[in-house]
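For reference, protein.csv (CSV, C-alpha atoms):
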```
chain,number,residue,atom,x,y,z
T,1,MET,CA,0.0,0.0,0.0
T,2,SER,CA,1.2,3.5,-0.8
T,3,ASP,CA,2.0,5.9,2.0
T,4,ILE,CA,-0.8,8.5,2.0
T,5,SER,CA,0.1,11.8,3.8
T,6,THR,CA,-2.3,12.8,6.5
T,7,LYS,CA,-0.8,16.1,7.3
T,8,PRO,CA,-3.3,18.9,7.7
T,9,HIS,CA,-3.7,21.3,4.8
T,10,HIS,CA,-2.3,24.2,6.9
T,11,THR,CA,1.0,22.5,7.6
T,12,GLY,CA,3.8,25.0,7.0
T,13,HIS,CA,1.4,27.9,6.7
T,14,ARG,CA,2.7,29.7,9.7
T,15,LYS,CA,6.3,29.5,8.6
T,16,ARG,CA,5.4,30.7,5.1
T,17,LEU,CA,3.3,33.6,6.5
T,18,ARG,CA,6.2,34.7,8.8
T,19,GLU,CA,8.7,34.5,5.9
T,20,ARG,CA,6.4,36.6,3.7
T,21,PHE,CA,6.0,39.2,6.6
T,22,LEU,CA,9.8,39.4,7.1
T,23,ASN,CA,10.8,39.5,3.5
T,24,ASN,CA,8.1,41.7,2.1
T,25,GLY,CA,6.7,43.6,5.0
T,26,PRO,CA,3.2,43.9,6.5
T,27,GLU,CA,1.9,45.5,3.3
T,28,ALA,CA,2.2,42.1,1.6
T,29,LEU,CA,-0.3,40.5,4.0
T,30,ALA,CA,-4.1,40.8,3.8
T,31,ASP,CA,-6.0,41.9,6.9
T,32,TYR,CA,-6.9,38.3,7.9
T,33,GLU,CA,-3.3,37.2,7.5
T,34,LEU,CA,-2.0,39.9,9.8
T,35,LEU,CA,-4.7,39.0,12.3
T,36,GLU,CA,-3.6,35.4,12.0
T,37,MET,CA,-0.1,36.4,13.1
T,38,ILE,CA,-1.5,38.2,16.1
T,39,LEU,CA,-3.4,35.1,17.0
T,40,PHE,CA,-0.6,32.6,16.6
T,41,PRO,CA,0.6,32.8,20.2
T,42,ALA,CA,-3.0,32.3,21.5
T,43,LYS,CA,-3.3,29.0,19.6
T,44,PRO,CA,0.2,27.5,19.2
T,45,ILE,CA,-1.1,24.4,17.3
T,46,GLY,CA,-3.7,24.4,14.6
T,47,ASP,CA,-5.2,26.7,12.0
T,48,VAL,CA,-6.2,30.2,13.1
T,49,LYS,CA,-7.2,31.4,9.6
T,50,PRO,CA,-10.9,30.5,10.1
T,51,MET,CA,-10.9,32.4,13.4
T,52,ALA,CA,-9.3,35.5,11.8
T,53,LYS,CA,-11.8,35.5,9.0
T,54,ASP,CA,-14.7,35.0,11.3
T,55,LEU,CA,-13.6,38.0,13.4
T,56,LEU,CA,-13.3,40.2,10.3
T,57,ALA,CA,-16.7,39.0,9.1
T,58,GLN,CA,-18.3,39.7,12.5
T,59,PHE,CA,-16.8,43.2,13.2
T,60,GLY,CA,-16.3,44.5,9.6
T,61,SER,CA,-12.7,45.6,9.6
T,62,PHE,CA,-9.3,45.0,11.2
T,63,GLY,CA,-9.6,48.1,13.3
T,64,GLN,CA,-13.0,47.2,14.6
T,65,VAL,CA,-11.7,43.8,15.7
T,66,LEU,CA,-9.0,45.6,17.8
T,67,PHE,CA,-11.6,47.9,19.3
T,68,ALA,CA,-14.2,45.2,20.0
T,69,GLU,CA,-15.1,44.6,23.7
T,70,PRO,CA,-13.6,41.3,25.1
T,71,VAL,CA,-17.1,39.9,25.7
T,72,GLN,CA,-18.0,40.5,22.1
T,73,LEU,CA,-14.7,38.9,20.9
T,74,MET,CA,-15.4,35.8,22.9
T,75,ASN,CA,-18.7,35.3,21.2
T,76,VAL,CA,-16.8,34.4,18.0
T,77,ASP,CA,-16.2,30.7,17.6
T,78,GLY,CA,-12.7,29.7,18.8
T,79,VAL,CA,-11.8,33.0,20.5
T,80,ASN,CA,-10.7,32.4,24.1
T,81,GLU,CA,-9.1,34.6,26.7
T,82,ALA,CA,-5.6,34.1,25.2
T,83,ALA,CA,-6.9,35.3,21.8
T,84,VAL,CA,-8.6,38.4,23.4
T,85,VAL,CA,-5.3,39.2,25.2
T,86,ALA,CA,-3.4,38.9,21.9
T,87,ILE,CA,-5.8,41.2,20.1
T,88,LYS,CA,-5.9,43.8,22.9
T,89,THR,CA,-2.1,43.7,23.2
T,90,ALA,CA,-1.7,44.6,19.5
T,91,LYS,CA,-4.0,47.6,20.1
T,92,ALA,CA,-2.1,48.7,23.2
T,93,ALA,CA,1.2,48.4,21.4
T,94,ALA,CA,0.0,50.7,18.6
T,95,GLU,CA,-1.4,53.2,21.1
T,96,ARG,CA,1.8,53.3,23.1
T,97,LEU,CA,4.0,53.7,20.0
T,98,LEU,CA,1.9,56.7,18.7
T,99,ARG,CA,1.8,58.2,22.2
T,100,GLU,CA,5.6,58.1,22.4
T,101,GLU,CA,5.8,59.9,19.1
T,102,VAL,CA,3.9,62.9,20.4
T,103,ALA,CA,5.0,62.9,24.0
T,104,ASP,CA,8.4,64.6,23.8
T,105,ARG,CA,7.9,67.3,21.3
T,106,PRO,CA,5.5,70.2,20.8
T,107,ILE,CA,2.1,69.1,19.7
T,108,ILE,CA,2.1,71.6,16.8
T,109,LYS,CA,5.1,69.7,15.3
T,110,SER,CA,3.5,66.3,15.7
T,111,TRP,CA,-0.1,67.1,14.8
T,112,THR,CA,-0.5,64.2,12.3
T,113,GLN,CA,0.9,61.7,14.9
T,114,LEU,CA,-1.5,63.2,17.5
T,115,LEU,CA,-4.5,62.6,15.2
T,116,ASP,CA,-3.3,59.1,14.5
T,117,TYR,CA,-3.0,58.5,18.2
T,118,CYS,CA,-6.5,59.8,19.0
T,119,ARG,CA,-7.9,57.8,16.1
T,120,ILE,CA,-6.5,54.5,17.3
T,121,HIS,CA,-7.1,55.3,21.0
T,122,ILE,CA,-10.8,56.2,20.8
T,123,GLY,CA,-11.8,56.6,17.1
T,124,SER,CA,-13.6,53.2,16.8
T,125,ASN,CA,-14.9,53.0,20.4
T,126,GLN,CA,-18.5,52.0,20.5
T,127,ASN,CA,-19.4,54.5,23.2
T,128,GLU,CA,-18.4,58.2,23.5
T,129,GLU,CA,-15.4,59.1,25.5
T,130,PHE,CA,-14.3,62.7,26.4
T,131,HIS,CA,-10.6,63.1,26.9
T,132,VAL,CA,-8.5,66.2,27.8
T,133,LEU,CA,-4.9,66.5,26.7
T,134,PHE,CA,-3.0,68.6,29.2
T,135,LEU,CA,0.0,70.5,27.7
T,136,ASN,CA,2.8,72.4,29.4
T,137,HIS,CA,4.1,75.8,28.4
T,138,LYS,CA,6.2,74.2,25.6
T,139,LEU,CA,3.0,72.7,24.2
T,140,GLU,CA,4.3,69.2,25.1
T,141,LEU,CA,1.8,66.5,26.2
T,142,MET,CA,1.8,66.1,30.0
T,143,ALA,CA,-1.2,63.8,30.3
T,144,ASP,CA,-4.1,62.3,28.4
T,145,GLU,CA,-7.0,61.7,30.7
T,146,ARG,CA,-10.5,60.4,30.1
T,147,GLN,CA,-12.9,62.7,31.9
T,148,GLN,CA,-16.1,60.8,31.1
T,149,LYS,CA,-17.4,57.8,29.3
T,150,GLY,CA,-20.9,57.9,28.0
T,151,THR,CA,-23.4,56.2,25.7
T,152,VAL,CA,-23.3,55.7,21.9
T,153,ASP,CA,-24.2,59.3,21.3
T,154,HIS,CA,-23.7,61.3,24.5
T,155,THR,CA,-21.1,62.0,27.1
T,156,PRO,CA,-21.7,64.2,30.1
T,157,VAL,CA,-18.8,66.7,30.6
T,158,TYR,CA,-18.3,68.9,33.7
T,159,PRO,CA,-16.1,71.9,33.1
T,160,ARG,CA,-15.4,72.1,36.9
T,161,GLN,CA,-13.6,68.8,36.7
T,162,VAL,CA,-11.5,69.9,33.8
T,163,VAL,CA,-10.5,73.0,35.7
T,164,LYS,CA,-9.6,71.0,38.8
T,165,ARG,CA,-7.4,68.6,36.9
T,166,ALA,CA,-5.7,71.3,34.9
T,167,LEU,CA,-4.7,73.0,38.2
T,168,GLU,CA,-3.6,69.8,39.8
T,169,ILE,CA,-1.4,68.9,36.8
T,170,GLY,CA,-0.1,72.4,36.3
T,171,ALA,CA,-1.2,72.5,32.6
T,172,SER,CA,-0.7,75.7,30.6
T,173,SER,CA,-3.2,74.7,27.9
T,174,LEU,CA,-5.6,72.0,26.8
T,175,ILE,CA,-6.8,70.1,23.8
T,176,LEU,CA,-10.3,68.6,24.1
T,177,VAL,CA,-10.9,65.3,22.3
T,178,HIS,CA,-14.0,63.1,22.0
T,179,ASN,CA,-15.2,60.5,19.6
T,180,HIS,CA,-18.4,60.0,17.7
T,181,PRO,CA,-19.2,56.3,17.3
T,182,SER,CA,-21.6,57.0,14.5
T,183,GLY,CA,-18.7,58.1,12.3
T,184,ASP,CA,-20.3,61.5,11.7
T,185,VAL,CA,-17.8,63.9,13.1
T,186,ASN,CA,-19.8,67.1,12.8
T,187,PRO,CA,-20.4,68.7,16.2
T,188,SER,CA,-23.7,68.7,18.0
T,189,LYS,CA,-25.1,71.8,19.7
T,190,ALA,CA,-24.1,70.1,23.0
T,191,ASP,CA,-20.5,69.8,21.7
T,192,VAL,CA,-20.4,73.5,20.8
T,193,ASP,CA,-21.9,74.5,24.2
T,194,VAL,CA,-19.6,72.4,26.4
T,195,THR,CA,-16.5,73.7,24.4
T,196,LYS,CA,-17.6,77.3,25.2
T,197,GLN,CA,-18.2,76.4,28.8
T,198,ILE,CA,-14.7,74.9,29.2
T,199,ILE,CA,-13.0,77.8,27.4
T,200,ASP,CA,-14.8,80.3,29.7
T,201,ALA,CA,-14.0,78.3,32.8
T,202,VAL,CA,-10.2,78.1,32.2
T,203,ARG,CA,-9.8,81.6,30.7
T,204,ALA,CA,-9.7,83.1,34.2
T,205,LEU,CA,-6.8,80.9,35.0
T,206,SER,CA,-4.9,82.0,31.9
T,207,ILE,CA,-5.2,78.4,30.5
T,208,GLU,CA,-5.9,78.2,26.7
T,209,VAL,CA,-8.0,75.7,24.9
T,210,HIS,CA,-6.1,75.1,21.6
T,211,ASP,CA,-8.7,72.9,19.9
T,212,HIS,CA,-11.5,70.5,20.3
T,213,LEU,CA,-11.2,67.4,18.1
T,214,ILE,CA,-14.0,65.1,17.3
T,215,ILE,CA,-12.6,61.8,16.2
T,216,GLY,CA,-14.2,59.1,14.0
T,217,ALA,CA,-12.8,55.9,12.7
T,218,LYS,CA,-11.7,57.6,9.5
T,219,LYS,CA,-12.4,61.3,9.9
T,220,HIS,CA,-11.9,64.1,12.4
T,221,PHE,CA,-13.3,67.6,13.0
T,222,SER,CA,-11.2,70.4,14.4
T,223,PHE,CA,-13.1,73.3,16.1
T,224,LYS,CA,-10.1,75.5,15.5
T,225,SER,CA,-9.7,74.8,11.8
T,226,LYS,CA,-13.4,75.5,11.3
T,227,GLY,CA,-13.3,78.8,13.2
T,228,LEU,CA,-15.3,77.6,16.2
T,229,ILE,CA,-12.5,78.5,18.6
```
Once you've parsed the file, please lay out its structure as structure tokens.
Amino acid sequence: MSDISTKPHHTGHRKRLRERFLNNGPEALADYELLEMILFPAKPIGDVKPMAKDLLAQFGSFGQVLFAEPVQLMNVDGVNEAAVVAIKTAKAAAERLLREEVADRPIIKSWTQLLDYCRIHIGSNQNEEFHVLFLNHKLELMADERQQKGTVDHTPVYPRQVVKRALEIGASSLILVHNHPSGDVNPSKADVDVTKQIIDAVRALSIEVHDHLIIGAKKHFSFKSKGLI
């Protein structure tokens, strides 16, 4: 009788994928393949391609997979705690890299990196979050703090809390940032009103609000560039 190979169809797939990544760069990989590589440590043996494709089908895009809540991720067949940790580690690594790029130089000189950081940090979140970036007199980032977390279309913001934290940190100026989960980055009346309230609250302390950014998954809105500040 002839010897019939019983090796799984995915034998050698991981090695080939790693080689393609190293030789040609991440651009040579499709989204599901890059997601496979993230998932490799979570499932040392076996084929993770079906899991990667299921995740993309469930959430719609690579970015949405990274932003999905752990409980949502674990609803996908084959996704366990180790897979969730792998996915969330990839997101955290991207955030930390972008944060480092804007941390030690004036914001005005790293504006593109700042927008990228905000986009990956909260751009695809499913609920609204309101953040304040506290800057020193050199316009360098001192802290990025979430002031409030709200619902899919509303976040309560309290100017008094913003003033209190600015004084505690010793900030000279601020950039306000929040996301719109809908993807429509146009400001609401409430967005305009709270911006004015915060500007008025910190003005007496000689603290400037440089901008208010509304972040979506692919777009952003700048109050300053639109003449609203």
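Interatomic distance, CA of Leu35 (chain T) against CA of His131 (chain T): 28.8 Å.
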Please report the interatomic distance between CA of Asp116 (chain T) and CA of Ala92 (chain T) in Å with one decimal.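 About the pair CA of Asp116 (chain T) and CA of Ala92 (chain T): they are 13.6 Å apart.
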Which is closer to Asp184 (chain T) than all the others in T:Ile198, T:Ile107, T:Ile215, T:Val85, using only C-alpha atoms? T:Ile215
Region 64-66 of chain T surroundings by only C-alpha atoms, 7 Å radius, close-in-sequence under 6 positions cut, as a list of chain:residue names: T:Leu55, T:Leu56, T:Ile87, T:Lys88, T:Lys91, T:Ser124
Counting all atoms listed in the file, the residue of T:Glu69, T:Leu29, T:Val202, T:Pro159 that sits nearest Ser172 (chain T): T:Val202
So which one's closest to Glu129 (chain T), T:Asn179, T:Asn75, T:Ser206, T:Asn80? Using all atoms listed in the file, please.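 When distances to Glu129 (chain T) are compared using all atoms listed in the file, the smallest one comes from T:Asn179.
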From CA of Gly78 (chain T) to CA of Ala30 (chain T) the spacing works out at 20.5 Å
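Restricting the calculation to only C-alpha atoms, the smallest distance between Leu17 (chain T) and any of T:Val84, T:Ser173, T:Met37, T:Gln58 is found for T:Met37.
With all atoms listed in the file as the atoms that count, the minimum distance from Gln126 (chain T) to the choices T:Ala68, T:Ala204, T:Ile175, T:Ile229 is reached by T:Ala68.
Of the listed residues T:Gln148, T:Ser188, T:Asn127, T:Ser110, the one whose atoms come nearest to Gln161 (chain T) is T:Gln148, with distances taken using only C-alpha atoms.
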Residues proximal to (-16.4, 58.4, 13.8) were defined as those with any atom within 6 Å of that point in the file's coordinates, counting all atoms listed in the file. Which are they, as a PyMOL selection string? chain T and resi 123+180-185+215-217
Got a sec: who's within 10 Å of His13 (chain T), counting all atoms listed in the file, leaving out chain neighbours fewer than 4 positions off, as a list in words?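 Counting only the stated atoms, we get His9, Leu17, Arg18, Glu19, Asp47 and Lys49 of chain T.
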As a compact mmCIF listing (two decimals), in the coordinates of the input, please: region 135-146 of chain T completed to all heavy atoms.
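Once written, result.txt looks like this:
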```
# COMPACT_ATOMS: atom_id res chain seq x y z
N LEU T 135 -1.31 70.12 28.33
CA LEU T 135 0.00 70.50 27.70
C LEU T 135 0.71 71.47 28.68
O LEU T 135 0.09 72.24 29.41
CB LEU T 135 -0.25 71.19 26.39
CG LEU T 135 -1.17 70.50 25.39
CD1 LEU T 135 -1.30 71.33 24.13
CD2 LEU T 135 -0.67 69.10 25.05
N ASN T 136 2.04 71.43 28.61
CA ASN T 136 2.80 72.40 29.40
C ASN T 136 3.08 73.65 28.55
O ASN T 136 2.54 73.81 27.45
CB ASN T 136 4.16 71.77 29.84
CG ASN T 136 5.06 71.34 28.68
OD1 ASN T 136 4.90 71.81 27.54
ND2 ASN T 136 6.00 70.46 28.94
N HIS T 137 3.92 74.54 29.06
CA HIS T 137 4.10 75.80 28.40
C HIS T 137 4.88 75.68 27.06
O HIS T 137 4.88 76.59 26.23
CB HIS T 137 4.88 76.80 29.30
CG HIS T 137 6.30 76.40 29.57
ND1 HIS T 137 6.64 75.39 30.46
CD2 HIS T 137 7.48 76.87 29.08
CE1 HIS T 137 7.95 75.27 30.49
NE2 HIS T 137 8.48 76.14 29.67
N LYS T 138 5.51 74.50 26.85
CA LYS T 138 6.20 74.20 25.60
C LYS T 138 5.27 73.50 24.60
O LYS T 138 5.72 73.07 23.55
CB LYS T 138 7.43 73.37 25.83
CG LYS T 138 8.51 74.05 26.65
CD LYS T 138 9.71 73.11 26.82
CE LYS T 138 10.80 73.77 27.64
NZ LYS T 138 11.97 72.85 27.82
N LEU T 139 3.99 73.38 24.97
CA LEU T 139 3.00 72.70 24.20
C LEU T 139 3.32 71.17 24.05
O LEU T 139 2.96 70.51 23.07
CB LEU T 139 2.86 73.27 22.77
CG LEU T 139 2.39 74.73 22.72
CD1 LEU T 139 2.24 75.18 21.27
CD2 LEU T 139 1.09 74.92 23.47
N GLU T 140 4.00 70.62 25.05
CA GLU T 140 4.30 69.20 25.10
C GLU T 140 3.21 68.49 25.93
O GLU T 140 2.69 69.05 26.90
CB GLU T 140 5.66 68.94 25.73
CG GLU T 140 6.81 69.51 24.92
CD GLU T 140 8.12 69.49 25.67
OE1 GLU T 140 8.11 69.40 26.92
OE2 GLU T 140 9.18 69.57 25.02
N LEU T 141 2.90 67.26 25.53
CA LEU T 141 1.80 66.50 26.20
C LEU T 141 2.30 66.08 27.60
O LEU T 141 3.29 65.38 27.76
CB LEU T 141 1.49 65.27 25.37
CG LEU T 141 0.38 64.37 25.92
CD1 LEU T 141 -0.95 65.12 25.96
CD2 LEU T 141 0.24 63.11 25.06
N MET T 142 1.54 66.51 28.60
CA MET T 142 1.80 66.10 30.00
C MET T 142 0.96 64.91 30.38
O MET T 142 1.42 64.02 31.09
CB MET T 142 1.48 67.28 30.93
CG MET T 142 2.27 68.54 30.67
SD MET T 142 1.69 69.90 31.72
CE MET T 142 2.23 69.33 33.35
N ALA T 143 -0.28 64.89 29.94
CA ALA T 143 -1.20 63.80 30.30
C ALA T 143 -2.36 63.75 29.34
O ALA T 143 -2.78 64.76 28.81
CB ALA T 143 -1.69 63.98 31.74
N ASP T 144 -2.85 62.55 29.12
CA ASP T 144 -4.10 62.30 28.40
C ASP T 144 -5.02 61.61 29.34
O ASP T 144 -4.76 60.48 29.74
CB ASP T 144 -3.82 61.46 27.14
CG ASP T 144 -5.09 60.89 26.51
OD1 ASP T 144 -6.19 61.35 26.87
OD2 ASP T 144 -4.98 59.99 25.66
N GLU T 145 -6.10 62.28 29.73
CA GLU T 145 -7.00 61.70 30.70
C GLU T 145 -8.43 61.65 30.20
O GLU T 145 -8.92 62.61 29.61
CB GLU T 145 -6.97 62.52 32.01
CG GLU T 145 -5.63 62.44 32.74
CD GLU T 145 -5.68 63.05 34.12
OE1 GLU T 145 -6.75 63.55 34.53
OE2 GLU T 145 -4.64 63.02 34.80
N ARG T 146 -9.06 60.52 30.44
CA ARG T 146 -10.50 60.40 30.10
C ARG T 146 -11.28 61.03 31.24
O ARG T 146 -11.19 60.63 32.39
CB ARG T 146 -10.88 58.93 29.96
CG ARG T 146 -12.32 58.74 29.48
CD ARG T 146 -12.68 57.28 29.33
NE ARG T 146 -12.83 56.62 30.61
CZ ARG T 146 -13.01 55.31 30.76
NH1 ARG T 146 -13.03 54.53 29.70
NH2 ARG T 146 -13.16 54.79 31.95
```
